[in-house]
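**Student:** Quick one: this structure, given as structure tokens, is what I'll be asking you about.
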Amino acid sequence: MKKRLAVAFTGPSNSGKTTLILKVARKLIHDYKMDVAIIKHDPKDKARFDVEGKDSYKFADTGAEVIVTSPNRTTYFSQRNKELDEMIRLFDKFDILLVEGLKNLPLPRISVFRDSLDDTYFPYMDALATDGSIDMSNYDFPKNVAILDINSCQDVIEWILKNAKEV
């Protein structure tokens, strides 16, 4: 079986996490020819993926585990929280798993910040992706944390390929 790697991204809302993940995923897929999987944490349970009144909605509304399949996609509806290993098993194959959020997962983590840092993220941070808008001298920043240019997708990917966890 091929080696599969995982890394997580964390940071406050509107810090650029999703934008960075999209850029990294596209480059890994198109330039590196890798299979990429993404897990997005929705802590406020705001995401909606089905339409009320449709059969798939009715099936999922029963509380059952539901898969809807078509010639072009397969959608899995679950009414249960999943642990990381359970979510990983749902993916058929991937080379790189990118996780947005879930800062308590035991994965190497890139924190994304602009303008200011929140030091409560320091214990979870293995790398910081930023744009230079932060004056690092204002913080007691951990010495073992790599600093990455958020605008250099290549730098972020190189860090991921060296530091991601095999899953």
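If you're wondering about the labels, chains in the structure tokens are A, B, ... by order shown, residues count from 1 in each chain, ligands from 1 in order shown.
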Near A:Lys103, counting only C-alpha atoms, which residues have an atom at most 10 Å away, once you skip same-chain residues fewer than 6 positions from it, shown as a list in words?
**Tutor:**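 Non-adjacent residues within range: Ala8, Phe9, Thr10, Gly11, His41, Arg109, Ile110, Ser111, Tyr121, Pro123, Tyr124 and Met125 of chain A.
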**Student:** Take the residues that were just selected and, keeping N, CA, C and O atoms, output them as a JSON list (two decimals), in the first residue's frame.
**Tutor:**
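The file below, out.json, is the result:
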[["chain", "number", "residue", "atom", "x", "y", "z"],
["A", 8, "ALA", "N", -2.70, 19.02, 9.22],
["A", 8, "ALA", "CA", -3.87, 19.83, 9.55],
["A", 8, "ALA", "C", -3.53, 21.31, 9.48],
["A", 8, "ALA", "O", -2.38, 21.71, 9.62],
["A", 9, "PHE", "N", -4.57, 22.10, 9.25],
["A", 9, "PHE", "CA", -4.47, 23.56, 9.20],
["A", 9, "PHE", "C", -5.42, 24.11, 10.25],
["A", 9, "PHE", "O", -6.55, 23.64, 10.37],
["A", 10, "THR", "N", -5.00, 25.12, 10.97],
["A", 10, "THR", "CA", -5.85, 25.73, 11.97],
["A", 10, "THR", "C", -5.61, 27.24, 11.98],
["A", 10, "THR", "O", -4.62, 27.71, 11.45],
["A", 11, "GLY", "N", -6.54, 27.95, 12.56],
["A", 11, "GLY", "CA", -6.42, 29.40, 12.65],
["A", 11, "GLY", "C", -7.80, 30.01, 12.80],
["A", 11, "GLY", "O", -8.81, 29.32, 12.62],
["A", 41, "HIS", "N", -13.66, 20.74, 9.22],
["A", 41, "HIS", "CA", -14.39, 20.77, 10.49],
["A", 41, "HIS", "C", -15.44, 21.87, 10.43],
["A", 41, "HIS", "O", -15.16, 22.99, 9.99],
["A", 109, "ARG", "N", 0.63, 20.34, 12.36],
["A", 109, "ARG", "CA", -0.33, 21.41, 12.15],
["A", 109, "ARG", "C", 0.32, 22.69, 11.67],
["A", 109, "ARG", "O", 1.30, 23.14, 12.24],
["A", 110, "ILE", "N", -0.27, 23.24, 10.62],
["A", 110, "ILE", "CA", 0.10, 24.56, 10.12],
["A", 110, "ILE", "C", -0.96, 25.53, 10.59],
["A", 110, "ILE", "O", -2.14, 25.38, 10.25],
["A", 111, "SER", "N", -0.57, 26.50, 11.39],
["A", 111, "SER", "CA", -1.51, 27.54, 11.83],
["A", 111, "SER", "C", -1.41, 28.71, 10.87],
["A", 111, "SER", "O", -0.31, 29.09, 10.45],
["A", 121, "TYR", "N", -2.93, 29.15, 20.35],
["A", 121, "TYR", "CA", -2.67, 28.17, 19.29],
["A", 121, "TYR", "C", -1.26, 27.58, 19.38],
["A", 121, "TYR", "O", -0.97, 26.57, 18.75],
["A", 123, "PRO", "N", 0.51, 25.79, 21.47],
["A", 123, "PRO", "CA", 0.72, 24.37, 21.81],
["A", 123, "PRO", "C", 0.36, 23.40, 20.67],
["A", 123, "PRO", "O", 0.82, 22.26, 20.67],
["A", 124, "TYR", "N", -0.44, 23.84, 19.72],
["A", 124, "TYR", "CA", -0.90, 22.98, 18.63],
["A", 124, "TYR", "C", -0.15, 23.24, 17.33],
["A", 124, "TYR", "O", -0.43, 22.62, 16.32],
["A", 125, "MET", "N", 0.76, 24.18, 17.33],
["A", 125, "MET", "CA", 1.37, 24.71, 16.11],
["A", 125, "MET", "C", 2.73, 24.07, 15.83],
["A", 125, "MET", "O", 3.60, 24.08, 16.69]]
**Student:** Considering only C-alpha atoms, return as JSON, numbers by chain whatever protein or nucleic-acid residues lie within 7 Å of stretch 35-39 of chain A, sequence-local ones (same chain, fewer than 2 positions apart) excluded.
**Tutor:** {"A": [25, 29, 33, 41, 94, 95, 96, 97, 98, 99, 100]}
**Student:** Let me see the file: selected residues, C-alpha atoms, as a PDB file, in the first residue's frame.
**Tutor:**
ATOM      1  CA  ALA A  25      -4.693  20.864  -3.006  1.00  0.00           C
ATOM      2  CA  ILE A  29      -3.327  17.335  -7.721  1.00  0.00           C
ATOM      3  CA  LYS A  33      -0.271  14.202  -9.728  1.00  0.00           C
ATOM      4  CA  HIS A  41     -14.391  20.768  10.487  1.00  0.00           C
ATOM      5  CA  PHE A  94      -5.355   9.347  -1.248  1.00  0.00           C
ATOM      6  CA  ASP A  95      -1.734  10.401  -1.064  1.00  0.00           C
ATOM      7  CA  ILE A  96      -2.253  13.501   1.070  1.00  0.00           C
ATOM      8  CA  LEU A  97      -5.037  14.288   3.541  1.00  0.00           C
ATOM      9  CA  LEU A  98      -5.543  17.972   4.354  1.00  0.00           C
ATOM     10  CA  VAL A  99      -7.620  18.671   7.474  1.00  0.00           C
ATOM     11  CA  GLU A 100      -9.090  22.091   8.178  1.00  0.00           C
TER      12      GLU A 100
END
**Student:** For stretch 63-69 of chain A, please output as a PDB file with N, CA, C and O atoms, in the first residue's frame all residues within 9 Å (counting only C-alpha atoms; exclusion window: fewer than 5 positions along the same chain).
**Tutor:**
ATOM      1  N   SER A  56     -33.161  11.554  -0.357  1.00  0.00           N
ATOM      2  CA  SER A  56     -31.911  11.421   0.399  1.00  0.00           C
ATOM      3  C   SER A  56     -32.016  12.130   1.747  1.00  0.00           C
ATOM      4  O   SER A  56     -31.524  11.639   2.763  1.00  0.00           O
ATOM      5  N   THR A  74     -20.435  10.080  -5.111  1.00  0.00           N
ATOM      6  CA  THR A  74     -21.004   9.309  -4.010  1.00  0.00           C
ATOM      7  C   THR A  74     -20.982  10.214  -2.792  1.00  0.00           C
ATOM      8  O   THR A  74     -19.952  10.824  -2.473  1.00  0.00           O
ATOM      9  N   THR A  75     -22.104  10.323  -2.138  1.00  0.00           N
ATOM     10  CA  THR A  75     -22.233  11.179  -0.963  1.00  0.00           C
ATOM     11  C   THR A  75     -22.626  10.321   0.227  1.00  0.00           C
ATOM     12  O   THR A  75     -23.535   9.504   0.137  1.00  0.00           O
ATOM     13  N   TYR A  76     -21.927  10.526   1.334  1.00  0.00           N
ATOM     14  CA  TYR A  76     -22.169   9.759   2.552  1.00  0.00           C
ATOM     15  C   TYR A  76     -22.757  10.688   3.601  1.00  0.00           C
ATOM     16  O   TYR A  76     -22.166  11.725   3.917  1.00  0.00           O
ATOM     17  N   PHE A  77     -23.923  10.330   4.129  1.00  0.00           N
ATOM     18  CA  PHE A  77     -24.571  11.102   5.187  1.00  0.00           C
ATOM     19  C   PHE A  77     -24.499  10.293   6.468  1.00  0.00           C
ATOM     20  O   PHE A  77     -24.954   9.149   6.505  1.00  0.00           O
ATOM     21  N   SER A  78     -23.936  10.880   7.492  1.00  0.00           N
ATOM     22  CA  SER A  78     -23.840  10.202   8.777  1.00  0.00           C
ATOM     23  C   SER A  78     -24.410  11.104   9.857  1.00  0.00           C
ATOM     24  O   SER A  78     -24.220  12.314   9.829  1.00  0.00           O
ATOM     25  N   GLN A  79     -25.076  10.495  10.793  1.00  0.00           N
ATOM     26  CA  GLN A  79     -25.629  11.244  11.927  1.00  0.00           C
ATOM     27  C   GLN A  79     -24.743  11.073  13.160  1.00  0.00           C
ATOM     28  O   GLN A  79     -25.167  11.362  14.267  1.00  0.00           O
ATOM     29  N   ARG A  80     -23.526  10.575  12.951  1.00  0.00           N
ATOM     30  CA  ARG A  80     -22.615  10.302  14.057  1.00  0.00           C
ATOM     31  C   ARG A  80     -21.298  11.033  13.867  1.00  0.00           C
ATOM     32  O   ARG A  80     -20.812  11.156  12.760  1.00  0.00           O
TER      33      ARG A  80
END
**Student:** If DSSP is run on the backbone, what residues of chain A are strand (DSSP E)? A reply as a ChimeraX atom specification would be ideal.
**Tutor:** /A:5-10,36-40,66-69,74-77,96-100,109-112,127-130,146-149,165-166
**Student:** Selection from above, C-alpha atoms, as a CSV table (one decimal), in the first residue's frame, can you write it?
**Tutor:**
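Output file out-v6.csv is given in full below:
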chain,number,residue,atom,x,y,z
A,5,LEU,CA,0.3,11.5,4.6
A,6,ALA,CA,-1.9,13.8,6.7
A,7,VAL,CA,-1.5,17.4,7.9
A,8,ALA,CA,-3.9,19.8,9.6
A,9,PHE,CA,-4.5,23.6,9.2
A,10,THR,CA,-5.9,25.7,12.0
A,36,VAL,CA,-5.8,14.6,-2.3
A,37,ALA,CA,-8.5,14.1,0.4
A,38,ILE,CA,-9.8,17.0,2.5
A,39,ILE,CA,-11.7,16.9,5.8
A,40,LYS,CA,-13.3,20.2,6.9
A,66,VAL,CA,-26.9,6.8,4.1
A,67,ILE,CA,-25.0,6.7,0.9
A,68,VAL,CA,-26.3,8.4,-2.3
A,69,THR,CA,-24.6,7.3,-5.4
A,74,THR,CA,-21.0,9.3,-4.0
A,75,THR,CA,-22.2,11.2,-1.0
A,76,TYR,CA,-22.2,9.8,2.6
A,77,PHE,CA,-24.6,11.1,5.2
A,96,ILE,CA,-2.3,13.5,1.1
A,97,LEU,CA,-5.0,14.3,3.5
A,98,LEU,CA,-5.5,18.0,4.4
A,99,VAL,CA,-7.6,18.7,7.5
A,100,GLU,CA,-9.1,22.1,8.2
A,109,ARG,CA,-0.3,21.4,12.1
A,110,ILE,CA,0.1,24.6,10.1
A,111,SER,CA,-1.5,27.5,11.8
A,112,VAL,CA,-2.6,30.4,9.5
A,127,ALA,CA,4.4,25.7,11.5
A,128,LEU,CA,3.0,29.2,11.0
A,129,ALA,CA,1.8,30.3,7.6
A,130,THR,CA,1.6,34.1,7.5
A,146,ALA,CA,8.7,26.8,11.2
A,147,ILE,CA,7.6,30.0,9.6
A,148,LEU,CA,6.1,29.7,6.1
A,149,ASP,CA,5.1,32.3,3.6
A,165,LYS,CA,2.2,12.2,9.5
A,166,GLU,CA,1.8,8.8,7.9
**Student:** How would you write, as JSON, numbers by chain, the set of residues in stretch 3-143 of chain A that DSSP gives as helix (DSSP H, G or I)?
**Tutor:** {"A": [17, 18, 19, 20, 21, 22, 23, 24, 25, 26, 27, 28, 29, 30, 55, 56, 57, 58, 59, 60, 61, 84, 85, 86, 87, 88, 89, 90, 119, 120, 121, 122, 123, 124, 136, 137, 138]}
**Student:** For a test of reading the model, state the distance in Å between atom CA of A:Tyr139 and atom CA of A:Asp155, rounded to one decimal.
**Tutor:**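 According to the coordinates, atom CA of A:Tyr139 and atom CA of A:Asp155 are separated by 23.2 Å.
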